[in-house]
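Engineer: Below is the structure I would like to discuss, written out as structure tokens.
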There are 4 protein chains.
Amino acid sequence: MAEGGPVTYETALGASTPDTITLLGHDLAKDVMGNVGFGELAFWLATQRRPSPGETRVFEAVLAALADHGFTPTAIVSRLTFLSAPDSVQGALAAGLLGGGSRFLGVTEDAGRFLNAVISGTELPTDDDGWDALALETVKAQGKARIPGLGHHVHKNGDPRTARLFEIAAEEGVTGPHLKLFAAIGRVHPQALGKTLPLNGAGTCGAALADLGLPLELLRGFALLARTAGLIGQLAEELRHPVANDIFLSVDTNTRSVAPPEE
Amino acid sequence: MAEGGPVTYETALGASTPDTITLLGHDLAKDVMGNVGFGELAFWLATQRRPSPGETRVFEAVLAALADHGFTPTAIVSRLTFLSAPDSVQGALAAGLLGGGSRFLGVTEDAGRFLNAVISGTELPTDDDGWDALALETVKAQGKARIPGLGHHVHKNGDPRTARLFEIAAEEGVTGPHLKLFAAIGRVHPQALGKTLPLNGAGTCGAALADLGLPLELLRGFALLARTAGLIGQLAEELRHPVANDIFLSVDTNTRSVAPPEE
Amino acid sequence: MAEGGPVTYETALGASTPDTITLLGHDLAKDVMGNVGFGELAFWLATQRRPSPGETRVFEAVLAALADHGFTPTAIVSRLTFLSAPDSVQGALAAGLLGGGSRFLGVTEDAGRFLNAVISGTELPTDDDGWDALALETVKAQGKARIPGLGHHVHKNGDPRTARLFEIAAEEGVTGPHLKLFAAIGRVHPQALGKTLPLNGAGTCGAALADLGLPLELLRGFALLARTAGLIGQLAEELRHPVANDIFLSVDTNTRSVAPPEE
Amino acid sequence: MAEGGPVTYETALGASTPDTITLLGHDLAKDVMGNVGFGELAFWLATQRRPSPGETRVFEAVLAALADHGFTPTAIVSRLTFLSAPDSVQGALAAGLLGGGSRFLGVTEDAGRFLNAVISGTELPTDDDGWDALALETVKAQGKARIPGLGHHVHKNGDPRTARLFEIAAEEGVTGPHLKLFAAIGRVHPQALGKTLPLNGAGTCGAALADLGLPLELLRGFALLARTAGLIGQLAEELRHPVANDIFLSVDTNTRSVAPPEE
């Protein structure tokens, strides 16, 4: 708040005058519309730095990996809310996003933050052996605690998204320390844990987003952005082939009323 | 619900087995990640039809036009919610999206639906004179009622997004009946209304989305998708240069307690 | 906004100085806490008029009628969101409330508004014959359109809440024109419709709330207040006897992946 | 999930058959409506145990203490969302509740959980000296960490709600170990911290709710229930004397567009 004057609120995002509209310091109509893809723009808005084409490709691959996973709780929630309140598309989308917390969409953020905490306090290794040593130390230090991004309840033999995302990052030359540490954890954890777990896709996405320099506090936000596109897909499918009422009825018809525990 | 058997829930969106993940019938890792941009994917999820590059370019131009308009109520709401509950990024985004209703983000949907209602019941004109006649009839039929997408409280001499979006649609050869009717309304309304109003950007976006074949019931959803990217930008900026507490204090310090009306 | 000075924001609700806290112009600690029940307070906050004990009793009977209806979509949504994001109770409650739209919780508001629209434009009858005549005219004027609050998909022979709410309102002497018209609709509609439908509880609640002078624009809000208490009950039960994951699995295991319609 | 049969979902909350509606095992119309106040019902729903009149009085005093604190961020958020999307009361309420996270509404839950963690692992003192000793140990063990519920940025000389809530609990004979420990912390913390801080009202509410046996995981939920009533009051006042647009304009007119940091 400026001393002695009225408060002003600064922003480098959208702004307009009667004759111009700017976004991120550029003329929206001339320079952004028609020239900047939506993934690129989302990256740019979050970092206020225009990404390279390679960064955009990795970012969009992450968004594709997270967009829709079928009838997850968030998808069911969006469809049921749309059934109850069809007049409010914003409510159906918001309700679905509210499931994007620690359990179902949180792995991406947790993995990014976890890897970042490890590399922040240390000199970075310069070769795979060095990364393996750091990874082994990291896994051992966790003890019994889960390592975010390690393990998957369905894709026990490997999550197809993981290898693909490493490949795309390598093709674009944007593999950074988060992905390197995560890959090393994938190689060495059996030595420490006595079993082999897959690196899951959501965790790899978190490592990739962190390597792209996106804000750690908002990594979950990108999972939510991807999911917004997925939820629109769910609602569009619900309009064509409704299932929400069947889901509701499958619960309703199997409900059993019981007495409260105390009285 | 299938007769005589258990309910099954069909979806053409995300699906997985232990070894495969598919999205829209394609192998997610091999065919989608790294190959499909995020705007293209969002379109595909909503329609279950892969858009052409030209359609994608128009769609992404619309999303860019709607992504962020600075300190709108939705942006303020997201920032204030993040201030109150910094542990829940999903809550801050959801709160912001909930402002995406009839007044601030609704023009896009209203315009698309309005134009669609006009052209649905009629044989389409084949030249500009025909469109002008239909537009004039449409404007007159509205009487005193507002025409969605006509007028802007700031860009009184023309909304820069409007001309640009018509241009991009023309370049890509996807100008359809909604945009044609909307353009004609822009030409003829002064005859009926006795004053000249600009076609606003949000309305043009609605016409363009309708021409792309996106579901009318969800046009507001695309404004919300664009805005999700914008709100992440707002939260990222709030992390770097916080203003939400200043906004709160500017209200708090100017509050005046008054007596209730009746007692 | 005051001319020539800074904006001030007036409120008669909560206010505090370093040494005092007031609510609705009263000393919160001395006059409100311990003296004002929660239903009474909610009424007072909404109207800025303290209700009589009789008004409070009717209001609380309405809230009881609407608090919980078992595994409704809103209850399922709250539980599933709590499963996905257990760290955010506020998100689970908000998600549940977002289903409180036109279809599942809207009848209360729709009935109140509908009845109010009828009585607003007319001189009120003074006896049952007069109400019956007005009701018959009203039902006929609706033609094929539904009358909000008439009919129930389960309680076809009468909704137990309806008679009870009329009874309580009569006991407290707060039966007003909305309830009178609604009762008359219950008596005369078979003449016009050729079939007998029950007056449902949600509609009766709307009539009662309107008779209490609560703002019509917010009638749905009282259903949501009642439901907030119900949803806390749902989440508390979910903590003791979780079912959300079973609901999710019942969908997940019955999912069938199908090909998109076009390619 | 029952072995060998279909899943059933048990609930002791709302249930209905064509002719009956029950809530918590009681006949809703006959036994609940007209007989059970709203605060009492909310308690009952959360615990599935009917509270005594004294417990209800303390519970309703807590709800009164938390219902509305004027133009807080949550109130501003609800009003701004109602401005943007006036068609969706549920969205405006949900958006406001989403601010009920760790910072603004979290103290109640944090205090309850903190006090509970202390008393769970220990034999309870039997007199004030014993409580003082336990409190001193507790405060010292916290070191530099904040003690939830201690301190208030406005009511530096004492929060009026605190004394009143202790008084009501004492009158009703429901002062339990959480309130006793909290009171002792109020007495002894100056010895350990070298300064005197007030016990704040939100923390006292948390202690009281925990003493009432309400589920610790949902203490925040009761703050949100109280706030739902407050937010309806805010929206009702917004309908009578709108300020949301003035708040928006006060931000909008003081916005300054700046260049992004990097380009």
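Identifiers for the structure tokens are assigned positionally: chains receive A, B, ... in sequence, residues are indexed from 1 per chain, and ligands are indexed from 1 in the order shown.
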Quick one: which chain B residues come within 7 Å of chain D, and what is the nearest atom pair for each with the distance in Å to one decimal, counting only C-alpha atoms, rows ordered by chain and ascending number, as a Markdown table?

Structural biologist:
```
| residue | atom | partner | partner_atom | distance |
| --- | --- | --- | --- | --- |
| B:Phe71 | CA | D:Asp252 | CA | 6.3 |
| B:Pro73 | CA | D:Leu80 | CA | 5.9 |
| B:Val77 | CA | D:Val77 | CA | 5.2 |
| B:Leu80 | CA | D:Pro73 | CA | 5.9 |
| B:Thr81 | CA | D:Gly99 | CA | 4.7 |
| B:Ser84 | CA | D:Gly99 | CA | 5.0 |
| B:Ala85 | CA | D:Gly101 | CA | 4.1 |
| B:Asp87 | CA | D:Ser102 | CA | 6.7 |
| B:Gly91 | CA | D:Leu98 | CA | 5.5 |
| B:Ala95 | CA | D:Ala95 | CA | 4.4 |
| B:Leu98 | CA | D:Gly91 | CA | 5.5 |
| B:Gly99 | CA | D:Thr81 | CA | 4.7 |
| B:Gly100 | CA | D:Ala85 | CA | 6.3 |
| B:Gly101 | CA | D:Ala85 | CA | 4.1 |
| B:Ser102 | CA | D:Ala85 | CA | 5.3 |
| B:Arg103 | CA | D:Ser84 | CA | 5.2 |
| B:Phe104 | CA | D:Ser84 | CA | 5.3 |
| B:Phe248 | CA | D:Pro73 | CA | 6.3 |
| B:Asp252 | CA | D:Phe71 | CA | 6.3 |
```

Engineer: With only C-alpha atoms as the counted atoms, please give the residues lying no more than 6 Å from region 42-44 of chain A, apart from itself and same-chain residues fewer than 5 positions off, as a list in words.

Structural biologist: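 Using only C-alpha atoms, the neighbours found are Arg49 and Arg50 of chain A; Ala229 of chain B.
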
Engineer: Quick one: DSSP strand (DSSP E or B) residues in region 4-239 of chain A, as a ChimeraX atom specification?

Structural biologist: /A:9-11,15-16,21-23,26-27,150,199

Engineer: Contacts of His189 (chain D) at 7 Å or less, counting only C-alpha atoms, minus same-chain residues fewer than 3 places along, as a short mmCIF file (atom, residue, chain, number, x, y, z; two decimals) with N, CA, C and O atoms, in the first residue's frame?

Structural biologist:
```
data_model
loop_
_atom_site.label_atom_id
_atom_site.label_comp_id
_atom_site.auth_asym_id
_atom_site.auth_seq_id
_atom_site.Cartn_x
_atom_site.Cartn_y
_atom_site.Cartn_z
N LEU D 136 0.72 -25.01 31.94
CA LEU D 136 2.05 -24.41 31.85
C LEU D 136 2.99 -25.31 31.05
O LEU D 136 3.74 -24.85 30.18
N VAL D 139 2.04 -24.95 27.38
CA VAL D 139 2.51 -23.70 26.77
C VAL D 139 4.00 -23.78 26.54
O VAL D 139 4.50 -23.38 25.46
N ILE D 185 -4.80 -22.22 30.46
CA ILE D 185 -3.82 -21.58 29.55
C ILE D 185 -3.96 -20.06 29.64
O ILE D 185 -2.95 -19.33 29.64
N GLY D 186 -5.18 -19.61 29.74
CA GLY D 186 -5.40 -18.17 29.89
C GLY D 186 -4.78 -17.63 31.17
O GLY D 186 -4.28 -16.50 31.19
N ALA D 192 5.01 -18.14 31.02
CA ALA D 192 5.89 -18.77 30.04
C ALA D 192 6.23 -17.83 28.89
O ALA D 192 7.34 -17.87 28.36
N LEU D 193 5.26 -16.99 28.50
CA LEU D 193 5.48 -16.16 27.31
C LEU D 193 5.96 -14.77 27.63
O LEU D 193 6.41 -14.04 26.75
#
```

Engineer: Please give the complete set of residues from region 12-46 of chain C that DSSP, run on the backbone, assigns to alpha helix (DSSP H), formatted as a list in words.

Structural biologist: Phe38, Gly39, Glu40, Leu41, Ala42, Phe43, Trp44, Leu45 and Ala46 of chain C
